[in-house]
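Working notes for the structure below.
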Amino acid sequence: MALHRLVDGPLDLQEALRAVAGPDRGAVATFSGTARDHHAGRPVLRLEYQAYAAMAEETFRTIGAEVAERFATPHLAILHRTGTVPIGEASVIIAVAAPHRREALAACAYAIDRLKETAPIWKKEVYADGAVWIEGPRARPAG
Amino acid sequence: MALHRLVDGPLDLQEALRAVAGPDRGAVATFSGTARDHHAGRPVLRLEYQAYAAMAEETFRTIGAEVAERFATPHLAILHRTGTVPIGEASVIIAVAAPHRREALAACAYAIDRLKETAPIWKKEVYADGAVWIEGPRARPAG
Amino acid sequence: MKITVMLFARYREAAGRPALEVEAPEGATLQGIWEQVRTAVPALADERRPLFACDRAYARPERVVTGGEEIAAFPPVSGG
Amino acid sequence: MKITVMLFARYREAAGRPALEVEAPEGATLQGIWEQVRTAVPALADERRPLFACDRAYARPERVVTGGEEIAAFPPVSGG
């Protein structure tokens with residue numbers, strides 16, 4: 001099964017696992033990206049995420065289709081939080097189930113890489129004395 | 001923090017996550033190996049795992065030291081179940097936290113590979129009409 | 001034709017609003033529409049090469065807009 | 001000297017017990033001790049090349065045992 005969702009609140013790893021697990025697949029890999037308390041040596045108080053929601057969910061579906069084709073498993077969950085993310089909490093969770101471990105782990109790595117490259121979501125780091133919108137490298141799929 | 005344990009009962013992914021997570025690391029990768037309901041086309045009723053416990057825990061500590069050296073993170077949890085594992089439940093859980101996603105995912109893949117190569121643990125598949133001890137490839141570290 | 005351009009992240013903050021409407025000639029490209037946005041919003045004047053989306057998919061700056069599409073412009077993404 | 005050899009998985013099931021004690025001469029190797037196990041347990045007669053562990057670490061068949069070590073013999077592992 002597939003689950004793709006933007007969530008304005010805490011992410012639930014168990015929900016992602018329930019969406020992908022099943023008795024015919026022996027391997028489940030997950031990745032959680034959590035808000036770190038520093039960046040480049042500067043203390044970070046919290047993160048704020050803004051998403052172009054409709055397009056982001058479209059992007060998640062595309063990643064799901066790519067994973068299904070490349071790693072032969074439809075069992076992918078993508079959860080991404082929007083709004084404020086306190087330090088230590090997850091901003092993104094990926095879960096993939098597959099028959100064997102190599103596909104599960106490779107698909108998980110692929111999905112988070114693609115999400116970071118293509119999903120229209122932006123992170124703002126909030127410091128004691130200000131805030132900065134982070135911008136990724138200018139990679140994107142051909143339009 | 002590191003956690004290495006053989007458990008004669010259900011494994012708890014949250015316990016593994018709590019052992020490795022922290023506000024200074026932004027990436028957590030996990031791998032769960034779960035009991036599949038078939039193998040090579042044959043229905044499997046359940047698995048039974050036997051371990052050489054003292055040596056297995058030594059092996060987990062060695063894997064932790066290798067991960068610390070290769071991926072620069074000490075935050076590894078290894079939980080392996082012994083005894084009966086019902087279909088759909090986890091026989092092994094690996095969790096790794098690291099500052100960034102590539103190390104976390106690569107360390108997770110490395111740890112499960114090494115566990116399968118080196119940990120003195122054996123799996124028996126139970127079928128409707130019998131049971132078979134599974135044996136891995138004859139790889140092992142130089143003695 | 002009237003074209004609404006959705007803005008995100010730094011662009012939205014600079015413009016002080018989530019979207020902007022501009023009047024574009026027939027045959028206008030995404031880049032051409034963006035030039036009008038830059039003229040209308042001085043805080044965006046330095047943003048010469050945004051990323052564009054047309055109907056929720058990435059689109060090239062030279063893409064011609066026919067009206068009715070959902071258009072967005074934004075800086076490089078940083079989700080995850 | 002008396003040497004206890006721990007057995008696991010298929011070997012344990014074949015022998016019907018978790019460990020076996022054999023009498024080995026001074027200077028005996030792991031493989032030499034294993035030959036005595038095979039002689040003592042007909043169900044293990046076909047197992048010519050087990051994996052060995054000595055004091056909880058993998059050890060080569062030619063390793064000389066001095067007595068007092070924790071010795072184990074087992075088939076290829078299949079955990080995970």
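A note on labels: chains of the structure tokens are A, B, ... as shown, every chain counts residues from 1, and ligands are counted from 1 in their shown order.
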
Contacts of chain C with chain A up to 12 Å, shortest pair per row, only C-alpha atoms, as a Markdown table:
```
| residue | atom | partner | partner_atom | distance |
| --- | --- | --- | --- | --- |
| C:Met6 | CA | A:Tyr52 | CA | 9.0 |
| C:Leu7 | CA | A:Tyr52 | CA | 9.0 |
| C:Phe8 | CA | A:Tyr52 | CA | 7.3 |
| C:Ala9 | CA | A:Trp122 | CA | 6.2 |
| C:Arg10 | CA | A:Trp133 | CA | 6.2 |
| C:Tyr11 | CA | A:Trp133 | CA | 10.0 |
| C:Arg12 | CA | A:Gln50 | CA | 10.3 |
| C:Glu13 | CA | A:Trp133 | CA | 9.8 |
| C:Ala14 | CA | A:Trp133 | CA | 11.4 |
| C:Pro18 | CA | A:Tyr52 | CA | 10.6 |
| C:Ala19 | CA | A:Tyr52 | CA | 11.8 |
| C:Leu30 | CA | A:Gly143 | CA | 12.0 |
| C:Arg49 | CA | A:Arg138 | CA | 10.3 |
| C:Pro50 | CA | A:Arg138 | CA | 9.7 |
| C:Leu51 | CA | A:Arg140 | CA | 8.6 |
| C:Phe52 | CA | A:Gly143 | CA | 8.5 |
| C:Ala53 | CA | A:Gly143 | CA | 8.1 |
| C:Cys54 | CA | A:Gly143 | CA | 8.9 |
| C:Asp55 | CA | A:Met55 | CA | 8.1 |
| C:Arg56 | CA | A:Met55 | CA | 4.6 |
| C:Ala57 | CA | A:Met55 | CA | 6.9 |
| C:Tyr58 | CA | A:Gly143 | CA | 4.5 |
| C:Ala59 | CA | A:Gly143 | CA | 3.9 |
| C:Arg60 | CA | A:Gly143 | CA | 5.3 |
| C:Pro61 | CA | A:Gly143 | CA | 9.0 |
| C:Glu62 | CA | A:Gly143 | CA | 10.3 |
| C:Arg63 | CA | A:Gly143 | CA | 9.1 |
| C:Glu70 | CA | A:Met55 | CA | 10.2 |
| C:Ile71 | CA | A:Met55 | CA | 10.9 |
| C:Ala72 | CA | A:Tyr52 | CA | 8.8 |
| C:Ala73 | CA | A:Pro120 | CA | 10.3 |
| C:Phe74 | CA | A:Pro120 | CA | 8.4 |
| C:Pro75 | CA | A:Glu135 | CA | 6.8 |
| C:Pro76 | CA | A:Glu135 | CA | 5.2 |
| C:Val77 | CA | A:Gly136 | CA | 5.4 |
| C:Ser78 | CA | A:Trp122 | CA | 4.7 |
| C:Gly79 | CA | A:Ile121 | CA | 4.6 |
| C:Gly80 | CA | A:Val92 | CA | 5.5 |
```

(message) When DSSP is applied to the backbone of this structure, which of stretch 52-133 of chain A are assigned strand (DSSP E or B)? Write them out as a PyMOL selection string.
(response) chain A and resi 76-81+83-86+90-98+121-127+130-133

(request) Could you check how far atom CA of A:His100 sits from atom CA of B:Arg25, in Å to one decimal? (result)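 Between atom CA of A:His100 and atom CA of B:Arg25 the gap works out to 27.6 Å.
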
May I have a table of the residues of chain B lying at most 9 Å from chain A, giving each one's closest pair of atoms and their distance in Å to one decimal, counting only C-alpha atoms, ordered by chain and ascending residue number, as JSON lines?
```
{"residue": "B:Ala21", "atom": "CA", "partner": "A:Gly88", "partner_atom": "CA", "distance": 7.9}
{"residue": "B:Gly22", "atom": "CA", "partner": "A:Gly88", "partner_atom": "CA", "distance": 6.3}
{"residue": "B:Pro23", "atom": "CA", "partner": "A:Gly88", "partner_atom": "CA", "distance": 4.7}
{"residue": "B:Asp24", "atom": "CA", "partner": "A:Arg36", "partner_atom": "CA", "distance": 5.3}
{"residue": "B:Arg25", "atom": "CA", "partner": "A:Arg36", "partner_atom": "CA", "distance": 6.0}
{"residue": "B:Gly26", "atom": "CA", "partner": "A:Thr34", "partner_atom": "CA", "distance": 4.7}
{"residue": "B:Ala27", "atom": "CA", "partner": "A:Gly33", "partner_atom": "CA", "distance": 4.7}
{"residue": "B:Val28", "atom": "CA", "partner": "A:Ser32", "partner_atom": "CA", "distance": 5.1}
{"residue": "B:Ala29", "atom": "CA", "partner": "A:Phe31", "partner_atom": "CA", "distance": 4.5}
{"residue": "B:Thr30", "atom": "CA", "partner": "A:Thr30", "partner_atom": "CA", "distance": 5.1}
{"residue": "B:Phe31", "atom": "CA", "partner": "A:Ala29", "partner_atom": "CA", "distance": 4.5}
{"residue": "B:Ser32", "atom": "CA", "partner": "A:Val28", "partner_atom": "CA", "distance": 5.1}
{"residue": "B:Gly33", "atom": "CA", "partner": "A:Ala27", "partner_atom": "CA", "distance": 4.7}
{"residue": "B:Thr34", "atom": "CA", "partner": "A:Gly26", "partner_atom": "CA", "distance": 4.7}
{"residue": "B:Ala35", "atom": "CA", "partner": "A:Gly26", "partner_atom": "CA", "distance": 5.9}
{"residue": "B:Arg36", "atom": "CA", "partner": "A:Gly26", "partner_atom": "CA", "distance": 5.2}
{"residue": "B:Asp37", "atom": "CA", "partner": "A:Pro23", "partner_atom": "CA", "distance": 5.6}
{"residue": "B:His38", "atom": "CA", "partner": "A:Asp24", "partner_atom": "CA", "distance": 7.0}
{"residue": "B:Ile87", "atom": "CA", "partner": "A:Pro23", "partner_atom": "CA", "distance": 6.2}
{"residue": "B:Gly88", "atom": "CA", "partner": "A:Pro23", "partner_atom": "CA", "distance": 4.6}
{"residue": "B:Glu89", "atom": "CA", "partner": "A:Pro23", "partner_atom": "CA", "distance": 8.4}
{"residue": "B:Ala90", "atom": "CA", "partner": "A:Gly26", "partner_atom": "CA", "distance": 8.6}
{"residue": "B:Pro99", "atom": "CA", "partner": "A:Arg36", "partner_atom": "CA", "distance": 8.3}
{"residue": "B:His100", "atom": "CA", "partner": "A:Gly33", "partner_atom": "CA", "distance": 8.5}
{"residue": "B:Arg101", "atom": "CA", "partner": "A:Gly33", "partner_atom": "CA", "distance": 7.6}
{"residue": "B:Arg102", "atom": "CA", "partner": "A:Ala109", "partner_atom": "CA", "distance": 7.8}
{"residue": "B:Ala104", "atom": "CA", "partner": "A:Phe31", "partner_atom": "CA", "distance": 8.5}
{"residue": "B:Leu105", "atom": "CA", "partner": "A:Ala109", "partner_atom": "CA", "distance": 6.8}
{"residue": "B:Ala106", "atom": "CA", "partner": "A:Leu105", "partner_atom": "CA", "distance": 8.7}
{"residue": "B:Cys108", "atom": "CA", "partner": "A:Leu105", "partner_atom": "CA", "distance": 8.3}
{"residue": "B:Ala109", "atom": "CA", "partner": "A:Leu105", "partner_atom": "CA", "distance": 6.8}
{"residue": "B:Ile112", "atom": "CA", "partner": "A:Arg101", "partner_atom": "CA", "distance": 8.6}
```

Using N, CA and C atoms, can you write the selected residues to a file as a JSON list (two decimals), in the first residue's frame?
```
[["chain", "number", "residue", "atom", "x", "y", "z"],
["B", 21, "ALA", "N", 18.29, 8.29, 19.01],
["B", 21, "ALA", "CA", 17.91, 9.65, 18.61],
["B", 21, "ALA", "C", 18.50, 10.70, 19.54],
["B", 22, "GLY", "N", 18.61, 11.90, 19.03],
["B", 22, "GLY", "CA", 19.09, 13.01, 19.84],
["B", 22, "GLY", "C", 19.04, 14.29, 19.04],
["B", 23, "PRO", "N", 19.00, 15.43, 19.72],
["B", 23, "PRO", "CA", 18.78, 16.71, 19.04],
["B", 23, "PRO", "C", 19.93, 17.16, 18.14],
["B", 24, "ASP", "N", 21.11, 16.51, 18.27],
["B", 24, "ASP", "CA", 22.25, 16.94, 17.46],
["B", 24, "ASP", "C", 22.43, 16.08, 16.21],
["B", 25, "ARG", "N", 21.48, 15.15, 15.96],
["B", 25, "ARG", "CA", 21.60, 14.32, 14.75],
["B", 25, "ARG", "C", 20.29, 14.40, 13.98],
["B", 26, "GLY", "N", 20.40, 14.72, 12.68],
["B", 26, "GLY", "CA", 19.20, 15.02, 11.91],
["B", 26, "GLY", "C", 18.64, 13.85, 11.12],
["B", 27, "ALA", "N", 19.27, 12.70, 11.19],
["B", 27, "ALA", "CA", 18.86, 11.59, 10.33],
["B", 27, "ALA", "C", 18.82, 10.29, 11.11],
["B", 28, "VAL", "N", 17.72, 9.58, 11.01],
["B", 28, "VAL", "CA", 17.61, 8.27, 11.64],
["B", 28, "VAL", "C", 17.14, 7.27, 10.58],
["B", 29, "ALA", "N", 17.90, 6.22, 10.38],
["B", 29, "ALA", "CA", 17.52, 5.15, 9.45],
["B", 29, "ALA", "C", 17.27, 3.89, 10.24],
["B", 30, "THR", "N", 16.25, 3.13, 9.84],
["B", 30, "THR", "CA", 15.99, 1.85, 10.50],
["B", 30, "THR", "C", 15.81, 0.76, 9.46],
["B", 31, "PHE", "N", 16.13, -0.45, 9.87],
["B", 31, "PHE", "CA", 15.82, -1.61, 9.06],
["B", 31, "PHE", "C", 15.15, -2.64, 9.96],
["B", 32, "SER", "N", 14.04, -3.18, 9.51],
["B", 32, "SER", "CA", 13.38, -4.28, 10.23],
["B", 32, "SER", "C", 13.27, -5.47, 9.30],
["B", 33, "GLY", "N", 13.74, -6.59, 9.75],
["B", 33, "GLY", "CA", 13.55, -7.84, 9.01],
["B", 33, "GLY", "C", 12.38, -8.56, 9.64],
["B", 34, "THR", "N", 11.37, -8.88, 8.84],
["B", 34, "THR", "CA", 10.17, -9.50, 9.40],
["B", 34, "THR", "C", 9.96, -10.89, 8.81],
["B", 35, "ALA", "N", 9.28, -11.73, 9.56],
["B", 35, "ALA", "CA", 9.05, -13.12, 9.15],
["B", 35, "ALA", "C", 8.06, -13.14, 7.99],
["B", 36, "ARG", "N", 8.50, -13.70, 6.87],
["B", 36, "ARG", "CA", 7.64, -13.78, 5.68],
["B", 36, "ARG", "C", 6.82, -15.06, 5.68],
["B", 37, "ASP", "N", 5.69, -14.98, 5.02],
["B", 37, "ASP", "CA", 4.76, -16.12, 5.02],
["B", 37, "ASP", "C", 5.07, -17.16, 3.94],
["B", 38, "HIS", "N", 6.18, -16.94, 3.21],
["B", 38, "HIS", "CA", 6.56, -17.95, 2.23],
["B", 38, "HIS", "C", 8.07, -17.84, 1.97],
["B", 87, "ILE", "N", 4.69, -15.00, 11.86],
["B", 87, "ILE", "CA", 4.69, -14.32, 10.56],
["B", 87, "ILE", "C", 4.29, -12.85, 10.72],
["B", 88, "GLY", "N", 5.02, -11.97, 10.04],
["B", 88, "GLY", "CA", 4.71, -10.54, 10.09],
["B", 88, "GLY", "C", 5.42, -9.80, 11.21],
["B", 89, "GLU", "N", 5.97, -10.53, 12.18],
["B", 89, "GLU", "CA", 6.68, -9.85, 13.26],
["B", 89, "GLU", "C", 8.17, -9.76, 12.96],
["B", 90, "ALA", "N", 8.84, -8.79, 13.62],
["B", 90, "ALA", "CA", 10.24, -8.52, 13.32],
["B", 90, "ALA", "C", 11.16, -9.52, 14.01],
["B", 99, "PRO", "N", 24.39, 12.64, 11.80],
["B", 99, "PRO", "CA", 24.07, 14.02, 11.44],
["B", 99, "PRO", "C", 23.33, 14.12, 10.11],
["B", 100, "HIS", "N", 23.70, 13.30, 9.11],
["B", 100, "HIS", "CA", 23.10, 13.44, 7.78],
["B", 100, "HIS", "C", 22.61, 12.10, 7.24],
["B", 101, "ARG", "N", 21.73, 12.19, 6.23],
["B", 101, "ARG", "CA", 21.02, 11.00, 5.81],
["B", 101, "ARG", "C", 21.89, 9.94, 5.15],
["B", 102, "ARG", "N", 22.90, 10.36, 4.40],
["B", 102, "ARG", "CA", 23.68, 9.35, 3.68],
["B", 102, "ARG", "C", 24.41, 8.41, 4.62],
["B", 104, "ALA", "N", 23.56, 7.78, 7.72],
["B", 104, "ALA", "CA", 22.58, 6.99, 8.48],
["B", 104, "ALA", "C", 22.11, 5.79, 7.66],
["B", 105, "LEU", "N", 21.76, 6.03, 6.40],
["B", 105, "LEU", "CA", 21.26, 4.95, 5.56],
["B", 105, "LEU", "C", 22.38, 3.95, 5.22],
["B", 106, "ALA", "N", 23.57, 4.45, 4.92],
["B", 106, "ALA", "CA", 24.67, 3.55, 4.58],
["B", 106, "ALA", "C", 25.08, 2.72, 5.80],
["B", 108, "CYS", "N", 23.16, 1.83, 8.25],
["B", 108, "CYS", "CA", 22.09, 0.86, 8.50],
["B", 108, "CYS", "C", 22.26, -0.35, 7.58],
["B", 109, "ALA", "N", 22.53, -0.10, 6.30],
["B", 109, "ALA", "CA", 22.74, -1.19, 5.34],
["B", 109, "ALA", "C", 23.97, -2.01, 5.72],
["B", 112, "ILE", "N", 23.23, -4.33, 8.91],
["B", 112, "ILE", "CA", 22.44, -5.54, 8.69],
["B", 112, "ILE", "C", 23.23, -6.55, 7.85]]
```

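Taking atom CA of B:Ala19 and atom CA of A:Arg18 as endpoints, the distance between them is 21.9 Å.
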
(request) Identify all residues of chain D in helix (DSSP H, G or I) (DSSP on the backbone) and supply them as number ranges by chain. (result) D: 9-15, 30-40, 42-44

Just-selected residues, C-alpha atoms written as an mmCIF file, in the first residue's frame:
```cif
data_model
loop_
_atom_site.group_PDB
_atom_site.id
_atom_site.type_symbol
_atom_site.label_atom_id
_atom_site.label_comp_id
_atom_site.auth_asym_id
_atom_site.auth_seq_id
_atom_site.Cartn_x
_atom_site.Cartn_y
_atom_site.Cartn_z
ATOM 1 C CA ALA D 9 21.220 -25.253 15.066
ATOM 2 C CA ARG D 10 21.295 -28.336 12.857
ATOM 3 C CA TYR D 11 24.309 -29.780 14.682
ATOM 4 C CA ARG D 12 22.584 -29.467 18.029
ATOM 5 C CA GLU D 13 19.479 -31.137 16.672
ATOM 6 C CA ALA D 14 21.493 -33.936 15.051
ATOM 7 C CA ALA D 15 23.456 -34.575 18.255
ATOM 8 C CA LEU D 30 39.856 -27.407 16.520
ATOM 9 C CA GLN D 31 39.598 -29.637 13.456
ATOM 10 C CA GLY D 32 41.185 -32.543 15.382
ATOM 11 C CA ILE D 33 38.689 -32.107 18.199
ATOM 12 C CA TRP D 34 35.889 -31.993 15.642
ATOM 13 C CA GLU D 35 36.998 -35.328 14.194
ATOM 14 C CA GLN D 36 36.449 -36.824 17.640
ATOM 15 C CA VAL D 37 32.982 -35.271 17.773
ATOM 16 C CA ARG D 38 32.143 -36.769 14.382
ATOM 17 C CA THR D 39 33.303 -40.175 15.571
ATOM 18 C CA ALA D 40 31.284 -39.912 18.762
ATOM 19 C CA PRO D 42 27.277 -40.657 13.881
ATOM 20 C CA ALA D 43 24.598 -38.090 12.925
ATOM 21 C CA LEU D 44 27.406 -35.537 12.483
#
```

(request) Quick one: pull the distance between atom CA of A:Val7 and atom CA of A:Gly64, Å, one decimal. (result)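 The value is 17.8 Å.
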
(request) Find the residues around A:Thr84 up to 9 Å (only C-alpha atoms counted), leave out those fewer than 6 positions away in its own chain, and share them as JSON, numbers by chain. (result) {"A": [8, 9, 46, 47, 48, 49]}
